[in-house]
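J.: Got a structure for you, coords24.tsv, holding TSV, C-alpha atoms.
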```
chain	number	residue	atom	x	y	z
A	1	SER	CA	15.21	11.72	-30.21
A	2	ALA	CA	17.85	14.39	-29.60
A	3	VAL	CA	21.24	14.75	-28.02
A	4	ILE	CA	21.19	17.25	-25.20
A	5	SER	CA	24.36	18.34	-23.44
A	6	GLN	CA	24.86	20.39	-20.31
A	7	LYS	CA	27.84	22.24	-18.91
A	8	PRO	CA	29.18	22.00	-16.28
A	9	SER	CA	28.37	18.43	-15.29
A	10	ARG	CA	29.06	19.27	-11.67
A	11	ASP	CA	30.30	22.11	-9.53
A	12	ILE	CA	30.98	23.01	-5.93
A	13	CYS	CA	30.24	26.64	-5.16
A	14	GLN	CA	30.44	29.00	-2.22
A	15	ARG	CA	27.41	30.52	-0.58
A	16	GLY	CA	26.43	33.86	-2.10
A	17	THR	CA	27.92	33.22	-5.54
A	18	SER	CA	26.13	32.47	-8.82
A	19	LEU	CA	26.48	29.66	-11.33
A	20	THR	CA	25.35	29.60	-14.94
A	21	ILE	CA	24.44	26.25	-16.47
A	22	GLN	CA	24.39	25.82	-20.22
A	23	CYS	CA	22.15	23.50	-22.22
A	24	GLN	CA	22.73	22.68	-25.89
A	25	VAL	CA	20.41	20.64	-28.14
A	26	ASP	CA	21.65	19.11	-31.40
A	27	SER	CA	18.53	20.19	-33.30
A	28	GLN	CA	16.18	23.15	-33.28
A	29	VAL	CA	13.38	22.78	-30.77
A	30	THR	CA	10.48	25.01	-29.89
A	31	MET	CA	10.24	24.27	-26.20
A	32	MET	CA	13.04	23.97	-23.64
A	33	PHE	CA	12.56	23.49	-19.92
A	34	TRP	CA	14.59	23.60	-16.70
A	35	TYR	CA	13.90	21.15	-13.86
A	36	ARG	CA	15.33	20.61	-10.42
A	37	GLN	CA	15.83	17.17	-8.87
A	38	GLN	CA	16.35	17.13	-5.14
A	39	PRO	CA	17.08	13.94	-3.14
A	40	GLY	CA	13.90	12.06	-2.34
A	41	GLN	CA	11.78	14.53	-4.30
A	42	SER	CA	10.04	14.47	-7.65
A	43	LEU	CA	11.63	16.21	-10.60
A	44	THR	CA	10.14	19.70	-10.43
A	45	LEU	CA	9.80	22.21	-13.24
A	46	ILE	CA	11.51	25.54	-12.56
A	47	ALA	CA	10.57	27.33	-15.75
A	48	THR	CA	9.90	27.10	-19.45
A	49	ALA	CA	12.58	28.81	-21.54
A	50	ASN	CA	10.82	30.71	-24.30
A	51	GLN	CA	12.79	31.74	-27.36
A	52	GLY	CA	12.62	35.47	-27.91
A	53	SER	CA	10.68	36.26	-24.75
A	54	GLU	CA	10.93	36.01	-20.99
A	55	ALA	CA	10.86	32.60	-19.35
A	56	THR	CA	7.68	31.36	-17.72
A	57	TYR	CA	8.26	30.43	-14.08
A	58	GLU	CA	6.42	27.90	-11.94
A	59	SER	CA	5.02	28.77	-8.56
A	60	GLY	CA	7.81	29.04	-6.03
A	61	PHE	CA	10.49	30.02	-8.54
A	62	VAL	CA	11.36	33.62	-9.42
A	63	ILE	CA	13.37	35.29	-12.13
A	64	ASP	CA	15.71	37.07	-9.73
A	65	LYS	CA	16.84	33.75	-8.29
A	66	PHE	CA	16.81	31.71	-11.51
A	67	PRO	CA	17.32	33.98	-14.53
A	68	ILE	CA	17.05	32.11	-17.82
A	69	SER	CA	18.17	33.00	-21.31
A	70	ARG	CA	17.08	31.43	-24.60
A	71	PRO	CA	18.90	33.22	-27.40
A	72	ASN	CA	18.04	30.70	-30.14
A	73	LEU	CA	16.26	27.41	-30.83
A	74	THR	CA	19.13	25.15	-29.71
A	75	PHE	CA	20.56	26.80	-26.58
A	76	SER	CA	19.50	27.97	-23.12
A	77	THR	CA	21.14	28.94	-19.86
A	78	LEU	CA	19.94	28.82	-16.27
A	79	THR	CA	21.67	30.89	-13.60
A	80	VAL	CA	21.34	30.01	-9.95
A	81	SER	CA	21.90	33.32	-8.17
A	82	ASN	CA	23.05	34.19	-4.67
A	83	MET	CA	23.32	30.51	-3.82
A	84	SER	CA	22.69	28.93	-0.45
A	85	PRO	CA	23.15	25.29	0.63
A	86	GLU	CA	19.41	24.74	-0.03
A	87	ASP	CA	20.16	25.20	-3.75
A	88	SER	CA	22.29	22.06	-3.74
A	89	SER	CA	20.54	19.86	-6.26
A	90	ILE	CA	20.67	18.37	-9.73
A	91	TYR	CA	19.54	20.78	-12.43
A	92	LEU	CA	18.25	19.29	-15.67
A	93	CYS	CA	17.29	20.82	-18.95
A	94	SER	CA	14.88	19.16	-21.33
A	95	ALA	CA	13.59	19.75	-24.83
A	96	ALA	CA	10.33	18.92	-26.55
A	97	VAL	CA	11.76	17.25	-29.64
A	98	SER	CA	8.33	15.96	-30.60
A	99	THR	CA	4.87	17.00	-29.53
A	100	ASP	CA	4.49	13.88	-27.41
A	101	THR	CA	7.24	14.08	-24.85
A	102	GLN	CA	10.52	15.56	-23.65
A	103	TYR	CA	14.12	14.44	-23.70
A	104	PHE	CA	16.55	15.31	-20.94
A	105	GLY	CA	20.14	16.33	-20.65
A	106	PRO	CA	22.58	14.56	-18.32
A	107	GLY	CA	22.12	17.09	-15.53
A	108	THR	CA	24.34	19.43	-13.54
A	109	ARG	CA	25.11	18.36	-9.99
A	110	LEU	CA	25.48	21.46	-7.83
A	111	THR	CA	26.82	21.51	-4.29
A	112	VAL	CA	26.74	24.79	-2.35
A	113	LEU	CA	28.95	25.08	0.71
B	1	GLN	CA	-2.92	14.82	-2.42
B	2	LYS	CA	0.01	14.98	-4.80
B	3	GLU	CA	-0.83	14.99	-8.49
B	4	VAL	CA	1.29	11.90	-9.14
B	5	GLU	CA	2.03	9.20	-6.59
B	6	GLN	CA	4.72	6.57	-7.04
B	7	ASP	CA	6.00	4.11	-4.47
B	8	PRO	CA	9.70	5.01	-4.14
B	9	GLY	CA	10.67	1.47	-3.13
B	10	PRO	CA	13.40	0.34	-3.23
B	11	LEU	CA	12.54	-2.86	-5.08
B	12	SER	CA	14.97	-5.76	-5.36
B	13	VAL	CA	14.28	-8.76	-7.64
B	14	PRO	CA	16.25	-11.72	-8.99
B	15	GLU	CA	17.38	-11.77	-12.59
B	16	GLY	CA	14.64	-13.04	-14.90
B	17	ALA	CA	11.77	-11.81	-12.72
B	18	ILE	CA	8.81	-9.87	-14.05
B	19	VAL	CA	8.80	-6.38	-12.58
B	20	SER	CA	5.71	-4.23	-12.17
B	21	LEU	CA	6.06	-0.51	-11.52
B	22	ASN	CA	3.02	1.66	-10.93
B	23	CYS	CA	1.86	5.24	-10.55
B	24	THR	CA	-1.46	6.78	-9.70
B	25	TYR	CA	-2.57	10.29	-10.51
B	26	SER	CA	-5.36	12.66	-9.61
B	27	ASN	CA	-5.55	15.06	-12.58
B	28	SER	CA	-8.06	13.72	-15.09
B	29	ALA	CA	-6.69	16.14	-17.72
B	30	PHE	CA	-3.53	14.07	-18.13
B	31	GLN	CA	-3.43	12.44	-21.56
B	32	TYR	CA	0.26	11.72	-22.13
B	33	PHE	CA	2.06	9.19	-19.96
B	34	MET	CA	5.78	8.52	-19.94
B	35	TRP	CA	8.28	6.28	-18.28
B	36	TYR	CA	11.87	7.39	-17.84
B	37	ARG	CA	14.83	5.33	-16.67
B	38	GLN	CA	17.57	7.09	-14.75
B	39	TYR	CA	20.88	5.45	-14.01
B	40	SER	CA	22.93	6.74	-11.12
B	41	ARG	CA	24.46	10.16	-11.86
B	42	LYS	CA	22.81	10.32	-15.31
B	43	GLY	CA	19.88	12.21	-16.76
B	44	PRO	CA	16.45	10.60	-17.25
B	45	GLU	CA	16.24	8.54	-20.43
B	46	LEU	CA	12.87	8.18	-22.13
B	47	LEU	CA	11.77	4.53	-22.16
B	48	MET	CA	8.21	4.67	-23.40
B	49	TYR	CA	5.33	7.03	-23.81
B	50	THR	CA	1.62	6.41	-24.30
B	51	TYR	CA	-1.19	8.65	-25.36
B	52	SER	CA	-4.53	8.12	-23.58
B	53	SER	CA	-5.53	4.62	-22.46
B	54	GLY	CA	-4.25	1.27	-23.61
B	55	ASN	CA	-1.11	-0.80	-23.84
B	56	LYS	CA	2.17	-0.29	-25.62
B	57	GLU	CA	4.90	-2.87	-25.95
B	58	ASP	CA	8.57	-2.41	-26.80
B	59	GLY	CA	10.74	-5.48	-26.44
B	60	ARG	CA	10.75	-6.54	-22.78
B	61	PHE	CA	8.84	-3.43	-21.71
B	62	THR	CA	5.08	-2.95	-21.66
B	63	ALA	CA	3.34	0.26	-20.61
B	64	GLN	CA	-0.30	0.23	-19.58
B	65	VAL	CA	-2.64	3.13	-18.93
B	66	ASP	CA	-6.02	2.83	-17.24
B	67	LYS	CA	-7.52	6.30	-17.29
B	68	SER	CA	-10.73	5.17	-15.59
B	69	SER	CA	-8.69	4.20	-12.53
B	70	LYS	CA	-6.06	6.92	-13.02
B	71	TYR	CA	-3.40	4.23	-12.87
B	72	ILE	CA	-0.40	3.52	-15.07
B	73	SER	CA	2.01	0.60	-15.06
B	74	LEU	CA	5.33	-0.42	-16.54
B	75	PHE	CA	6.10	-4.12	-16.81
B	76	ILE	CA	9.60	-5.43	-17.39
B	77	ARG	CA	9.86	-9.06	-18.51
B	78	ASP	CA	12.96	-11.20	-18.06
B	79	SER	CA	14.60	-8.48	-15.99
B	80	GLN	CA	18.36	-8.08	-16.32
B	81	PRO	CA	20.99	-6.59	-14.00
B	82	SER	CA	21.34	-3.79	-16.57
B	83	ASP	CA	17.74	-2.80	-15.76
B	84	SER	CA	18.89	-1.71	-12.30
B	85	ALA	CA	18.03	1.99	-12.20
B	86	THR	CA	15.45	4.44	-10.93
B	87	TYR	CA	12.21	4.46	-12.93
B	88	LEU	CA	10.24	7.68	-13.10
B	89	CYS	CA	6.69	8.04	-14.30
B	90	ALA	CA	5.68	11.38	-15.80
B	91	MET	CA	2.56	12.77	-17.34
B	92	SER	CA	1.03	15.86	-18.89
B	93	ALA	CA	-2.17	17.11	-20.41
B	94	GLU	CA	-0.64	18.32	-23.67
B	95	GLY	CA	2.38	16.16	-24.30
B	96	GLY	CA	5.92	17.40	-24.53
B	97	SER	CA	5.07	21.02	-25.12
B	98	GLU	CA	4.22	21.67	-21.50
B	99	LYS	CA	5.27	20.85	-17.95
B	100	LEU	CA	5.70	17.18	-17.10
B	101	VAL	CA	4.55	16.12	-13.64
B	102	PHE	CA	6.72	13.37	-12.19
B	103	GLY	CA	6.41	10.70	-9.58
B	104	LYS	CA	9.24	10.40	-7.06
B	105	GLY	CA	10.79	7.46	-8.86
B	106	MET	CA	11.19	3.79	-7.91
B	107	LYS	CA	14.71	2.44	-7.39
B	108	LEU	CA	14.96	-1.06	-8.89
B	109	THR	CA	17.81	-3.51	-8.35
B	110	VAL	CA	17.98	-6.71	-10.38
B	111	ASN	CA	20.28	-9.22	-8.74
B	112	PRO	CA	22.26	-11.68	-10.89
```
Do you think you could lay out the structure here as structure tokens?

T.:
Amino acid sequence: SAVISQKPSRDICQRGTSLTIQCQVDSQVTMMFWYRQQPGQSLTLIATANQGSEATYESGFVIDKFPISRPNLTFSTLTVSNMSPEDSSIYLCSAAVSTDTQYFGPGTRLTVL
Amino acid sequence: QKEVEQDPGPLSVPEGAIVSLNCTYSNSAFQYFMWYRQYSRKGPELLMYTYSSGNKEDGRFTAQVDKSSKYISLFIRDSQPSDSATYLCAMSAEGGSEKLVFGKGMKLTVNP
């Protein structure tokens, strides 16, 4: 397994601002991912954070809204840009520590007013 | 039809009961099947994962996969109040190196 931490754990932000969420893994991993968890909805993949290249985004998510960085094999950031109340959600990062599955961080609970 | 269907419940059982949680899926390419447990205001915690069909047991937990029916189950024996959480099924075609597709999660309460 792996220990995955996220910062901040929660935040309340104003409409139109941006928030950057950090994800740190305690070991080097090849694959890191960012998911969104909205109330009553399935966990949904936003993008795969590729080390050394641009992130790969899922349908419905764009780089301008959710820019992602992956500077090394243990760290990634997700920015939620130009926020609106619809962006209020829990944002989770995960890492493929083994080839079989993924482990998740504790999540960042975002409220946009 | 959603790729993964999971009854969101909620489900409430007495302590000591056997709990059965289920998911169905439509994508026959899925080969890796996982169950996560998520306590309130926490991240999902991996409980069990299974590759292809069959059973896997870990203590009070048993995971079953029936690929012919596209149906997976998680059984919890001798359920405890500490098992109260939301249980999420997830699956993928190529394991952890790609996108996991999740069910909505089933909220379980075990009453003392």

J.: Would you mind telling me which residue in B:Gln6, B:Ser20, B:Asn55, B:Ser73 lies nearest to chain A when using all atoms listed in the file?

T.: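 Between B:Gln6, B:Ser20, B:Asn55, B:Ser73, the residue approaching chain A most closely is B:Gln6.
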
J.: Report, in Å with one decimal, the straight-line distance from CA of Thr56 in chain A to CA of Ser97 in chain B.

T.: 13.0 Å

J.: I'd like the interatomic distance between CA of Phe75 in chain A and CA of Leu19 in chain A, to a tenth of an Å.

T.: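 Separating CA of Phe75 in chain A from CA of Leu19 in chain A is a distance of 16.6 Å.
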
J.: Could you tell me how far CA of Leu43 in chain A lies from CA of Met48 in chain B, in Å and to one decimal?

T.: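 Atom-to-atom, CA of Leu43 in chain A and CA of Met48 in chain B are spaced 17.6 Å apart.
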
J.: Show me a table, sorted first by chain and then by increasing residue number, of the residues of chain B having an atom at most 12 Å from chain A, each with its shortest atom pair and the distance in Å to one decimal, counting all atoms listed in the file and written as CSV.

T.:
```
residue,atom,partner,partner_atom,distance
B:Lys2,CA,A:Ser42,CA,10.4
B:Glu3,CA,A:Ser42,CA,10.9
B:Val4,CA,A:Ser42,CA,9.2
B:Glu5,CA,A:Ser42,CA,9.6
B:Gln6,CA,A:Ser42,CA,9.5
B:Asp7,CA,A:Gly40,CA,11.4
B:Pro8,CA,A:Gly40,CA,8.4
B:Gly9,CA,A:Gly40,CA,11.1
B:Pro10,CA,A:Gly40,CA,11.8
B:Gln31,CA,A:Asp100,CA,10.0
B:Tyr32,CA,A:Asp100,CA,7.1
B:Phe33,CA,A:Thr101,CA,8.6
B:Met34,CA,A:Thr101,CA,7.6
B:Trp35,CA,A:Thr101,CA,10.3
B:Tyr36,CA,A:Tyr103,CA,9.4
B:Arg37,CA,A:Phe104,CA,11.0
B:Gln38,CA,A:Pro106,CA,9.7
B:Tyr39,CA,A:Pro106,CA,10.2
B:Ser40,CA,A:Pro106,CA,10.6
B:Arg41,CA,A:Pro106,CA,8.0
B:Lys42,CA,A:Pro106,CA,5.2
B:Gly43,CA,A:Pro106,CA,3.9
B:Pro44,CA,A:Phe104,CA,6.0
B:Glu45,CA,A:Phe104,CA,6.8
B:Leu46,CA,A:Tyr103,CA,6.6
B:Leu47,CA,A:Tyr103,CA,10.3
B:Met48,CA,A:Thr101,CA,9.6
B:Tyr49,CA,A:Thr101,CA,7.4
B:Thr50,CA,A:Asp100,CA,8.6
B:Tyr51,CA,A:Asp100,CA,8.0
B:Ser52,CA,A:Asp100,CA,11.4
B:Thr86,CA,A:Gly40,CA,11.6
B:Tyr87,CA,A:Ser42,CA,11.5
B:Leu88,CA,A:Ser42,CA,8.7
B:Cys89,CA,A:Ser42,CA,9.8
B:Ala90,CA,A:Leu43,CA,9.3
B:Met91,CA,A:Thr101,CA,8.9
B:Ser92,CA,A:Thr101,CA,8.8
B:Ala93,CA,A:Asp100,CA,10.2
B:Glu94,CA,A:Asp100,CA,7.7
B:Gly95,CA,A:Asp100,CA,4.4
B:Gly96,CA,A:Thr101,CA,3.6
B:Ser97,CA,A:Ala96,CA,5.8
B:Glu98,CA,A:Met31,CA,8.1
B:Lys99,CA,A:Leu45,CA,6.7
B:Leu100,CA,A:Leu45,CA,7.6
B:Val101,CA,A:Thr44,CA,7.4
B:Phe102,CA,A:Ser42,CA,5.7
B:Gly103,CA,A:Ser42,CA,5.6
B:Lys104,CA,A:Ser42,CA,4.2
B:Gly105,CA,A:Ser42,CA,7.2
B:Met106,CA,A:Gly40,CA,10.3
B:Lys107,CA,A:Gly40,CA,10.9
```

J.: Take every atom of range 38-57 of chain A listed in the file, fit an axis-aligned box around them, add 6 Å per side, and give the centre and edge lengths in Å to one decimal as AutoDock Vina command-line options.

T.:
```
--center_x 12.4 --center_y 24.2 --center_z -15.1 --size_x 21.4 --size_y 36.2 --size_z 37.6
```

J.: Find the residues around range 80-84 of chain A up to 10 Å (only C-alpha atoms counted), leave out those fewer than 2 positions away in its own chain, and share them as a PyMOL selection string.

T.: chain A and resi 13-21+63-68+77-78+86-88+91+110-113

J.: Pick from B:Ala29, B:Cys23, B:Leu11, B:Ala63: nearest to Ile76 in chain B, with only C-alpha atoms counted?

T.: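 With only C-alpha atoms as the atom set, the closest residue is B:Ala63.
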
J.: Do a neighbour search on range 22-28 of chain A at 6 Å with only C-alpha atoms, toss out local chain neighbours closer than 6 positions, and write the hits as a list of chain:residue names.

T.: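 Counting only C-alpha atoms, the residues come to A:Val3, A:Ile4, A:Ser5, A:Gln6, A:Lys7, A:Leu73, A:Thr74, A:Phe75, A:Ser76, A:Thr77.
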
J.: Between B:Ser53, B:Asp83, B:Leu74, B:Arg60, which one has atoms that come closest to Ser28 in chain B, using only C-alpha atoms?

T.: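 Using only C-alpha atoms, the shortest distance to Ser28 in chain B belongs to B:Ser53.
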
J.: Within 8 Å of Gly52 in chain A, counting only C-alpha atoms, which residues show up once you throw out same-chain ones fewer than 2 positions away? Write them as a list in words, please.

T.: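 Once the nearby chain positions are removed, what remains is Asn50, Glu54, Arg70, Pro71 and Asn72 of chain A.
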
J.: How would range 67-81 of chain A read, as a short mmCIF file (atom, residue, chain, number, x, y, z; two decimals), in the coordinates of the input, once N, CA, C and O atoms are built in?

T.:
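selection.cif written:
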```
data_model
loop_
_atom_site.label_atom_id
_atom_site.label_comp_id
_atom_site.auth_asym_id
_atom_site.auth_seq_id
_atom_site.Cartn_x
_atom_site.Cartn_y
_atom_site.Cartn_z
N PRO A 67 17.44 33.36 -13.20
CA PRO A 67 17.32 33.98 -14.53
C PRO A 67 17.68 32.98 -15.62
O PRO A 67 18.60 32.18 -15.48
N ILE A 68 16.92 33.04 -16.71
CA ILE A 68 17.05 32.11 -17.82
C ILE A 68 17.19 32.90 -19.11
O ILE A 68 16.52 33.90 -19.32
N SER A 69 18.08 32.42 -19.97
CA SER A 69 18.17 33.00 -21.31
C SER A 69 17.88 31.93 -22.34
O SER A 69 18.11 30.73 -22.11
N ARG A 70 17.36 32.34 -23.49
CA ARG A 70 17.08 31.43 -24.60
C ARG A 70 17.33 32.22 -25.89
O ARG A 70 16.40 32.68 -26.54
N PRO A 71 18.59 32.35 -26.26
CA PRO A 71 18.90 33.22 -27.40
C PRO A 71 18.53 32.64 -28.77
O PRO A 71 18.38 33.38 -29.73
N ASN A 72 18.41 31.31 -28.85
CA ASN A 72 18.04 30.70 -30.14
C ASN A 72 17.34 29.37 -29.88
O ASN A 72 17.02 29.03 -28.73
N LEU A 73 17.08 28.62 -30.94
CA LEU A 73 16.26 27.41 -30.83
C LEU A 73 17.05 26.17 -30.40
O LEU A 73 16.48 25.08 -30.33
N THR A 74 18.35 26.31 -30.12
CA THR A 74 19.13 25.15 -29.71
C THR A 74 19.84 25.34 -28.37
O THR A 74 20.52 24.43 -27.90
N PHE A 75 19.71 26.49 -27.74
CA PHE A 75 20.56 26.80 -26.58
C PHE A 75 19.78 27.56 -25.52
O PHE A 75 18.93 28.41 -25.83
N SER A 76 20.10 27.25 -24.24
CA SER A 76 19.50 27.97 -23.12
C SER A 76 20.48 27.96 -21.95
O SER A 76 21.33 27.06 -21.85
N THR A 77 20.38 28.94 -21.10
CA THR A 77 21.14 28.94 -19.86
C THR A 77 20.22 29.19 -18.67
O THR A 77 19.21 29.88 -18.79
N LEU A 78 20.60 28.60 -17.56
CA LEU A 78 19.94 28.82 -16.27
C LEU A 78 21.01 29.31 -15.30
O LEU A 78 22.06 28.68 -15.18
N THR A 79 20.76 30.41 -14.64
CA THR A 79 21.67 30.89 -13.60
C THR A 79 21.02 30.68 -12.24
O THR A 79 19.84 30.99 -12.06
N VAL A 80 21.78 30.12 -11.33
CA VAL A 80 21.34 30.01 -9.95
C VAL A 80 22.07 31.12 -9.19
O VAL A 80 23.30 31.10 -9.09
N SER A 81 21.31 32.10 -8.72
CA SER A 81 21.90 33.32 -8.17
C SER A 81 21.94 33.30 -6.65
O SER A 81 21.11 32.67 -5.99
#
```
